[in-house]
>>> print(open('my_file.cif').read())   # mmCIF, C-alpha atoms and all ligand atoms
data_query
loop_
_atom_site.label_atom_id
_atom_site.label_comp_id
_atom_site.auth_asym_id
_atom_site.auth_seq_id
_atom_site.Cartn_x
_atom_site.Cartn_y
_atom_site.Cartn_z
CA MET W 1447 -24.60 -10.93 22.94
CA ARG W 1448 -28.21 -12.11 22.67
CA THR W 1449 -29.95 -12.07 19.32
CA LEU W 1450 -33.12 -13.49 17.85
CA VAL W 1451 -32.70 -16.84 16.14
CA GLY W 1452 -31.22 -16.33 12.70
CA PHE W 1453 -30.50 -12.66 13.24
CA SER W 1454 -26.92 -13.11 14.11
CA LEU W 1455 -24.54 -11.58 12.67
CA ASN W 1456 -21.69 -11.31 10.23
CA ASN W 1457 -20.64 -13.08 7.05
CA ARG W 1458 -24.13 -14.15 6.01
CA THR W 1459 -24.80 -15.25 2.45
CA ASN W 1460 -28.04 -14.46 0.64
CA THR W 1461 -29.15 -18.03 1.22
CA ASP W 1462 -28.53 -17.60 4.90
CA ARG W 1463 -30.55 -14.41 4.89
CA LYS W 1464 -33.49 -16.18 3.24
CA THR W 1465 -33.32 -18.88 5.88
CA ASP W 1466 -33.13 -16.18 8.50
CA LYS W 1467 -36.46 -14.77 7.36
CA THR W 1468 -38.09 -18.17 7.71
CA ASP W 1469 -36.48 -18.60 11.09
CA LYS W 1470 -37.83 -15.25 12.16
CA LEU W 1471 -41.39 -16.25 11.27
CA ASN W 1472 -41.04 -19.60 13.01
CA THR W 1473 -39.54 -17.93 16.01
CA VAL W 1474 -42.28 -15.35 16.30
CA ASN W 1475 -44.91 -18.09 16.04
CA ARG W 1476 -43.26 -20.15 18.76
CA VAL W 1477 -42.27 -17.11 20.83
CA ILE W 1478 -38.93 -18.69 21.58
CA TYR W 1479 -35.86 -16.49 21.55
CA MET W 1480 -32.50 -18.13 21.32
CA ALA W 1481 -29.15 -16.74 20.34
CA ILE W 1482 -28.10 -20.03 18.80
CA ASN W 1483 -29.96 -21.47 15.84
CA TYR W 1484 -29.58 -25.18 16.60
CA GLY W 1485 -30.65 -26.09 13.09
CA LYS W 1486 -27.29 -24.75 12.01
CA ILE W 1487 -25.01 -27.06 13.96
CA ARG W 1488 -22.34 -28.43 11.61
CA HIS W 1489 -19.33 -30.70 11.98
CA LEU W 1490 -16.26 -28.47 12.22
CA MET W 1491 -13.22 -30.68 12.73
CA THR W 1492 -11.86 -33.77 14.45
CA CYS W 1493 -8.77 -33.73 16.69
CA GLY W 1494 -6.81 -36.74 17.85
CA SER W 1495 -4.28 -34.75 19.79
CA ILE W 1496 -4.31 -31.67 21.95
CA LYS W 1497 -1.64 -30.24 19.69
CA ASP W 1498 -4.20 -29.68 16.93
CA LEU W 1499 -6.98 -27.89 18.79
CA PRO W 1500 -8.92 -25.21 16.92
CA ASP W 1501 -8.89 -21.49 17.72
CA ASP W 1502 -10.70 -20.65 20.90
CA LYS W 1503 -12.17 -17.37 19.72
CA LEU W 1504 -15.79 -18.49 19.98
CA PRO W 1505 -17.46 -19.51 23.23
CA GLU W 1506 -16.94 -23.22 23.82
CA ILE W 1507 -19.28 -25.82 25.25
CA VAL W 1508 -17.76 -29.17 26.23
CA LEU W 1509 -19.61 -32.48 26.56
CA ALA W 1510 -18.07 -34.70 29.21
CA GLY W 1511 -19.18 -38.00 30.67
CA ARG W 1512 -18.61 -41.73 30.73
CA SER W 1513 -18.33 -43.68 27.60
CA ASN W 1514 -21.82 -44.65 26.36
CA VAL W 1515 -23.65 -42.07 28.51
CA GLY W 1516 -25.10 -40.40 25.41
CA LYS W 1517 -22.81 -37.48 24.54
CA SER W 1518 -22.94 -37.97 20.77
CA SER W 1519 -26.68 -38.68 20.93
CA LEU W 1520 -27.13 -35.37 22.71
CA VAL W 1521 -25.30 -33.54 19.90
CA ASN W 1522 -27.77 -35.07 17.45
CA ALA W 1523 -30.75 -34.22 19.65
CA LEU W 1524 -29.61 -30.60 20.00
CA GLY W 1525 -29.20 -30.30 16.25
CA SER W 1526 -32.31 -32.40 15.43
CA ASN W 1527 -30.04 -34.26 13.04
CA ARG W 1528 -29.20 -37.92 13.61
CA LYS W 1529 -26.27 -37.72 11.20
CA LEU W 1530 -24.24 -35.09 13.01
CA ALA W 1531 -22.39 -37.32 15.47
CA ARG W 1532 -21.70 -41.05 15.41
CA VAL W 1533 -23.68 -42.96 17.98
CA SER W 1534 -22.95 -46.54 18.94
CA GLN W 1535 -23.99 -49.15 21.45
CA THR W 1536 -20.32 -50.06 21.73
CA PRO W 1537 -18.68 -47.94 24.42
CA GLY W 1538 -15.65 -45.98 23.29
CA LYS W 1539 -17.07 -44.99 19.92
CA THR W 1540 -15.89 -41.40 20.07
CA GLN W 1541 -12.12 -41.72 20.25
CA GLN W 1542 -11.16 -38.21 19.28
CA ILE W 1543 -12.40 -34.74 20.06
CA ILE W 1544 -15.14 -33.89 17.59
CA TYR W 1545 -15.94 -30.22 17.20
CA PHE W 1546 -19.20 -28.78 15.96
CA ASP W 1547 -19.88 -25.23 14.92
CA MET W 1548 -23.10 -23.93 16.44
CA ASP W 1549 -24.43 -21.37 14.03
CA GLY W 1550 -21.16 -19.43 14.14
CA GLN W 1551 -22.02 -18.47 17.74
CA ALA W 1552 -20.19 -21.15 19.70
CA ILE W 1553 -18.34 -24.42 19.29
CA LEU W 1554 -19.34 -27.70 20.85
CA ALA W 1555 -16.68 -30.29 21.73
CA ASP W 1556 -17.73 -33.96 21.99
CA LEU W 1557 -14.97 -35.52 24.12
CA PRO W 1558 -14.05 -39.19 24.28
CA GLY W 1559 -15.80 -40.79 27.23
CA TYR W 1560 -13.99 -41.57 30.41
CA GLY W 1561 -14.33 -44.87 32.26
CA PHE W 1562 -14.73 -48.27 30.70
CA SER W 1563 -14.07 -48.97 27.08
CA LYS W 1564 -14.08 -52.03 24.90
CA ALA W 1565 -11.19 -50.56 22.98
CA SER W 1566 -7.75 -51.92 23.83
CA LYS W 1567 -6.36 -50.91 27.21
CA ASP W 1568 -3.71 -48.72 25.64
CA LYS W 1569 -6.26 -46.90 23.55
CA SER W 1570 -8.59 -46.56 26.49
CA ARG W 1571 -5.82 -44.96 28.53
CA GLY W 1572 -5.20 -42.65 25.59
CA PHE W 1573 -8.84 -41.46 25.59
CA SER W 1574 -8.80 -40.69 29.29
CA GLU W 1575 -5.53 -38.84 28.94
CA LEU W 1576 -6.95 -36.84 26.06
CA CYS W 1577 -9.92 -35.90 28.23
CA ASP W 1578 -7.75 -35.03 31.27
CA ASN W 1579 -5.26 -33.06 29.24
CA TYR W 1580 -8.05 -31.24 27.48
CA PHE W 1581 -9.24 -29.59 30.65
CA ARG W 1582 -5.66 -28.84 31.62
CA VAL W 1583 -4.65 -27.07 28.42
CA ARG W 1584 -7.86 -25.66 27.01
CA LYS W 1585 -8.45 -22.13 28.14
CA GLY W 1586 -11.71 -20.27 27.89
CA ILE W 1587 -14.20 -23.12 28.23
CA ASP W 1588 -17.51 -21.35 28.75
CA LEU W 1589 -19.70 -24.25 29.77
CA VAL W 1590 -19.31 -27.95 30.51
CA LEU W 1591 -22.26 -30.29 30.12
CA LEU W 1592 -21.52 -33.15 32.49
CA LEU W 1593 -23.64 -36.11 31.40
CA ILE W 1594 -24.59 -38.85 33.84
CA ASP W 1595 -26.87 -41.82 33.15
CA ILE W 1596 -29.99 -41.29 35.28
CA ARG W 1597 -30.34 -45.04 35.88
CA HIS W 1598 -27.09 -45.70 37.69
CA GLU W 1599 -25.24 -44.45 40.72
CA PRO W 1600 -22.54 -42.02 39.65
CA SER W 1601 -19.17 -43.68 39.08
CA ASN W 1602 -15.97 -42.58 40.81
CA ASP W 1603 -15.02 -40.95 37.52
CA ASP W 1604 -18.27 -38.94 37.52
CA ILE W 1605 -17.65 -37.83 41.08
CA GLY W 1606 -14.03 -36.98 40.26
CA MET W 1607 -15.08 -34.99 37.23
CA LEU W 1608 -17.65 -33.02 39.20
CA ASN W 1609 -15.15 -32.31 41.97
CA PHE W 1610 -12.69 -31.10 39.36
CA LEU W 1611 -15.31 -28.76 37.82
CA ASN W 1612 -16.15 -27.37 41.26
CA SER W 1613 -12.51 -26.80 42.17
CA ALA W 1614 -11.63 -25.31 38.78
CA ASP W 1615 -14.67 -23.05 39.05
CA LEU W 1616 -15.80 -23.98 35.55
CA PRO W 1617 -19.45 -23.26 34.72
CA TYR W 1618 -21.37 -26.50 34.26
CA PHE W 1619 -24.81 -28.00 33.81
CA LEU W 1620 -25.58 -31.49 35.07
CA VAL W 1621 -27.41 -33.42 32.38
CA PHE W 1622 -29.00 -36.73 33.37
CA THR W 1623 -29.47 -38.87 30.28
CA LYS W 1624 -31.69 -41.76 29.13
CA CYS W 1625 -34.71 -40.59 31.12
CA ASP W 1626 -37.05 -42.28 28.63
CA LYS W 1627 -35.90 -45.58 30.12
CA LEU W 1628 -37.55 -44.76 33.46
CA SER W 1629 -40.99 -43.65 34.58
CA ALA W 1630 -41.46 -40.06 35.74
CA GLN W 1631 -41.62 -41.30 39.32
CA GLN W 1632 -38.39 -43.26 38.95
CA VAL W 1633 -36.71 -40.22 37.43
CA ARG W 1634 -37.67 -38.16 40.48
CA LYS W 1635 -36.36 -40.87 42.80
CA GLN W 1636 -33.08 -41.10 40.91
CA LEU W 1637 -32.66 -37.32 40.92
CA GLN W 1638 -33.03 -37.41 44.70
CA MET W 1639 -30.39 -40.15 44.90
CA MET W 1640 -28.08 -38.11 42.64
CA SER W 1641 -28.41 -35.03 44.82
CA ASN W 1642 -27.39 -37.15 47.83
CA CYS W 1643 -24.37 -38.68 46.04
CA LEU W 1644 -23.10 -35.69 44.12
CA ASP W 1645 -21.68 -32.54 45.57
CA PHE W 1646 -22.98 -30.09 43.02
CA LYS W 1647 -23.25 -26.36 43.56
CA GLU W 1648 -26.53 -25.17 44.99
CA ASP W 1649 -27.24 -23.00 41.99
CA ALA W 1650 -26.11 -25.62 39.43
CA ARG W 1651 -28.61 -26.16 36.63
CA VAL W 1652 -29.86 -29.73 36.39
CA PHE W 1653 -31.57 -31.26 33.37
CA ALA W 1654 -33.19 -34.65 32.88
CA VAL W 1655 -33.23 -35.44 29.19
CA SER W 1656 -33.92 -38.06 26.57
CA SER W 1657 -32.01 -38.08 23.29
CA SER W 1658 -33.30 -41.43 22.14
CA GLU W 1659 -33.71 -41.65 18.38
CA THR W 1660 -36.70 -43.91 18.84
CA ASN W 1661 -38.43 -41.57 21.26
CA PRO W 1662 -39.65 -38.53 19.34
CA GLN W 1663 -40.46 -36.57 22.49
CA LYS W 1664 -36.83 -35.77 23.30
CA SER W 1665 -37.88 -34.58 26.74
CA GLY W 1666 -35.82 -31.87 28.38
CA ILE W 1667 -33.97 -31.00 25.18
CA ASN W 1668 -35.73 -27.71 24.50
CA ASP W 1669 -35.11 -26.49 28.04
CA LEU W 1670 -31.47 -27.45 27.72
CA LYS W 1671 -31.16 -25.65 24.38
CA GLN W 1672 -32.61 -22.49 25.85
CA ALA W 1673 -30.34 -22.65 28.90
CA ILE W 1674 -27.19 -23.22 26.80
CA SER W 1675 -28.12 -20.33 24.57
CA ASP W 1676 -28.74 -18.04 27.53
CA GLU W 1677 -25.53 -19.07 29.30
CA VAL W 1678 -23.16 -18.89 26.37
CA CYS W 1679 -24.51 -15.77 24.71
CA LYS W 1680 -25.30 -13.75 27.82
CA ASP W 1681 -22.59 -11.08 27.33
N1 LIG A 1 -33.00 -44.83 25.33
C1 LIG A 1 -32.00 -43.95 25.19
N2 LIG A 1 -30.85 -44.36 24.65
C2 LIG A 1 -29.86 -43.44 24.53
C3 LIG A 1 -30.00 -42.09 24.92
N3 LIG A 1 -28.84 -41.44 24.70
C4 LIG A 1 -28.02 -42.34 24.14
N4 LIG A 1 -28.61 -43.55 24.05
C5 LIG A 1 -28.02 -44.80 23.52
O1 LIG A 1 -26.82 -45.06 24.26
C6 LIG A 1 -25.82 -45.60 23.41
C7 LIG A 1 -24.57 -44.73 23.49
O2 LIG A 1 -24.86 -43.45 22.97
P1 LIG A 1 -23.70 -42.47 22.45
O3 LIG A 1 -24.37 -41.17 22.16
O4 LIG A 1 -22.91 -43.09 21.36
O5 LIG A 1 -22.80 -42.36 23.76
P2 LIG A 1 -21.41 -41.57 23.95
O6 LIG A 1 -21.43 -40.96 25.30
O7 LIG A 1 -21.17 -40.65 22.80
O8 LIG A 1 -20.37 -42.77 23.93
P3 LIG A 1 -18.79 -42.75 23.57
O9 LIG A 1 -18.64 -42.12 22.21
O10 LIG A 1 -18.42 -44.17 23.63
O11 LIG A 1 -18.10 -41.95 24.65
C8 LIG A 1 -26.45 -45.67 22.01
O12 LIG A 1 -26.95 -46.96 21.83
C9 LIG A 1 -27.57 -44.65 22.07
O13 LIG A 1 -28.63 -44.94 21.18
C10 LIG A 1 -31.26 -41.69 25.50
O14 LIG A 1 -31.49 -40.54 25.91
N5 LIG A 1 -32.22 -42.67 25.60
MG MG A 2 -19.67 -40.53 21.40
#
>>> encode(input="my_file.cif", output="structure tokens")
Amino acid sequence: MRTLVGFSLNNRTNTDRKTDKTDKLNTVNRVIYMAINYGKIRHLMTCGSIKDLPDDKLPEIVLAGRSNVGKSSLVNALGSNRKLARVSQTPGKTQQIIYFDMDGQAILADLPGYGFSKASKDKSRGFSELCDNYFRVRKGIDLVLLLIDIRHEPSNDDIGMLNFLNSADLPYFLVFTKCDKLSAQQVRKQLQMMSNCLDFKEDARVFAVSSSETNPQKSGINDLKQAISDEVCKD
């Protein structure tokens, strides 16, 4: 179901319709067509247990990756809103599943990171379990964004996660984060290293992005937005 930004769909208030008009003008000027209006990403709910998951009626996009890789920062970069998700230098910040509504078109799940955590060992085990169980019980995931820090060799957890996605036949994009910390040449070199280490599908979409709050360029983010929109709203 592909629509012009802001021209989707039901249950719109008059205020929404006014915004839609502005969006239409902006869209026409930029000649960008996206089904999801990323300016309308909102916090939906927070879940500490897989017993309390929300309805899965809307298409769902899941952010997965090591703790500290930049999942919550990516939510903020997608929504151009630094207050959407809590970002921290301390690994293990996101300890629950945080859901965001994406313009009523899809939901976005920010999962706790796998791998190391400065939280207590028990808690850390809890996060990983939550992440593992999530993929086991959650049906109808439409797209997984697997985030990997461009600067480092993939961890065993990254490799395990990718192998799981391949074997479960879940659609995924590989998103390499923190590219602003390297030169363009280093990014290319690291991408080559990643393609040697990681067994990703030949047709897998790969993005190199920067979500840094201090780097206004946010490279790769627009391409990623367009690709998510196309993938999730293609029917
Ligand atoms: N330079 C740079 N820093 C980034 C980028 N993305 C995230 N960071 C930084 O990395 C740290 C961790 O970011 P988060 O977004 O909280 O990471 P997370 O994956 O949500 O971490 P958990 O919630 O612990 O799983 C923060 O200090 C961010 O500012 C990026 O693209 N560039
Ligand atoms: Mg987080």
>>> closest_residue(input="my_file.cif", among="W:Gln1542, W:Thr1492, W:Ser1526, W:Ser1657", to="ligand MG 2 (chain A)", atoms="all atoms listed in the file")
W:Gln1542
>>> closest_residue(input="my_file.cif", among="W:Phe1653, W:Phe1581, W:Phe1619, W:Phe1646", to="Ile1496 (chain W)", atoms="only C-alpha atoms")
W:Phe1581
>>> residues_near_ligand(input="my_file.cif", ligand="ligand LIG 1 (chain A)", cutoff="6 Å", atoms="all atoms listed in the file", output="mmCIF file with C-alpha atoms, keeping the file's coordinate frame")
data_model
loop_
_atom_site.group_PDB
_atom_site.id
_atom_site.type_symbol
_atom_site.label_atom_id
_atom_site.label_comp_id
_atom_site.auth_asym_id
_atom_site.auth_seq_id
_atom_site.Cartn_x
_atom_site.Cartn_y
_atom_site.Cartn_z
ATOM 1 C CA SER W 1513 -18.330 -43.680 27.600
ATOM 2 C CA ASN W 1514 -21.820 -44.650 26.360
ATOM 3 C CA VAL W 1515 -23.650 -42.070 28.510
ATOM 4 C CA GLY W 1516 -25.100 -40.400 25.410
ATOM 5 C CA LYS W 1517 -22.810 -37.480 24.540
ATOM 6 C CA SER W 1518 -22.940 -37.970 20.770
ATOM 7 C CA SER W 1519 -26.680 -38.680 20.930
ATOM 8 C CA VAL W 1533 -23.680 -42.960 17.980
ATOM 9 C CA SER W 1534 -22.950 -46.540 18.940
ATOM 10 C CA GLN W 1535 -23.990 -49.150 21.450
ATOM 11 C CA PRO W 1537 -18.680 -47.940 24.420
ATOM 12 C CA GLY W 1538 -15.650 -45.980 23.290
ATOM 13 C CA LYS W 1539 -17.070 -44.990 19.920
ATOM 14 C CA THR W 1540 -15.890 -41.400 20.070
ATOM 15 C CA PRO W 1558 -14.050 -39.190 24.280
ATOM 16 C CA GLY W 1559 -15.800 -40.790 27.230
ATOM 17 C CA THR W 1623 -29.470 -38.870 30.280
ATOM 18 C CA LYS W 1624 -31.690 -41.760 29.130
ATOM 19 C CA ASP W 1626 -37.050 -42.280 28.630
ATOM 20 C CA LYS W 1627 -35.900 -45.580 30.120
ATOM 21 C CA SER W 1656 -33.920 -38.060 26.570
ATOM 22 C CA SER W 1657 -32.010 -38.080 23.290
ATOM 23 C CA SER W 1658 -33.300 -41.430 22.140
#
>>> residues_around(input="my_file.cif", residues="Val1652 (chain W)", least_positions_apart="4", cutoff="10 Å", atoms="only C-alpha atoms", output="number ranges by chain")
W: 1591-1592, 1618-1622, 1637, 1646, 1670
>>> closest_residue(input="my_file.cif", among="W:Cys1577, W:Leu1499, W:Met1548, W:Leu1557", to="ligand MG 2 (chain A)", atoms="only C-alpha atoms and all ligand atoms")
W:Leu1557
>>> atom_distance(input="my_file.cif", atom1="CA of Gln1638 (chain W)", atom2="CA of Ile1667 (chain W)")
20.6 Å
>>> residues_around(input="my_file.cif", residues="Cys1493 (chain W)", least_positions_apart="2", cutoff="9 Å", atoms="all atoms listed in the file", output="PyMOL selection string")
chain W and resi 1491+1495-1500+1542-1545
>>> atom_distance(input="my_file.cif", atom1="CA of Lys1585 (chain W)", atom2="CA of Asp1676 (chain W)")
20.7 Å
>>> axis_aligned_box(input="my_file.cif", around="region 1615-1624 of chain W", padding_each_side="5 Å", output="JSON")
{"center_x": -23.2, "center_y": -32.4, "center_z": 34.1, "size_x": 27.0, "size_y": 28.7, "size_z": 19.9}
>>> closest_residue(input="my_file.cif", among="W:Ile1587, W:Leu1628, W:Leu1593, W:Val1633", to="ligand MG 2 (chain A)", atoms="all atoms listed in the file")
W:Leu1593
>>> closest_residue(input="my_file.cif", among="W:Ile1487, W:Met1640, W:Leu1576, W:Ile1596", to="Gln1541 (chain W)", atoms="only C-alpha atoms")
W:Leu1576
>>> atom_distance(input="my_file.cif", atom1="CA of Gly1494 (chain W)", atom2="CA of Thr1536 (chain W)")
19.4 Å
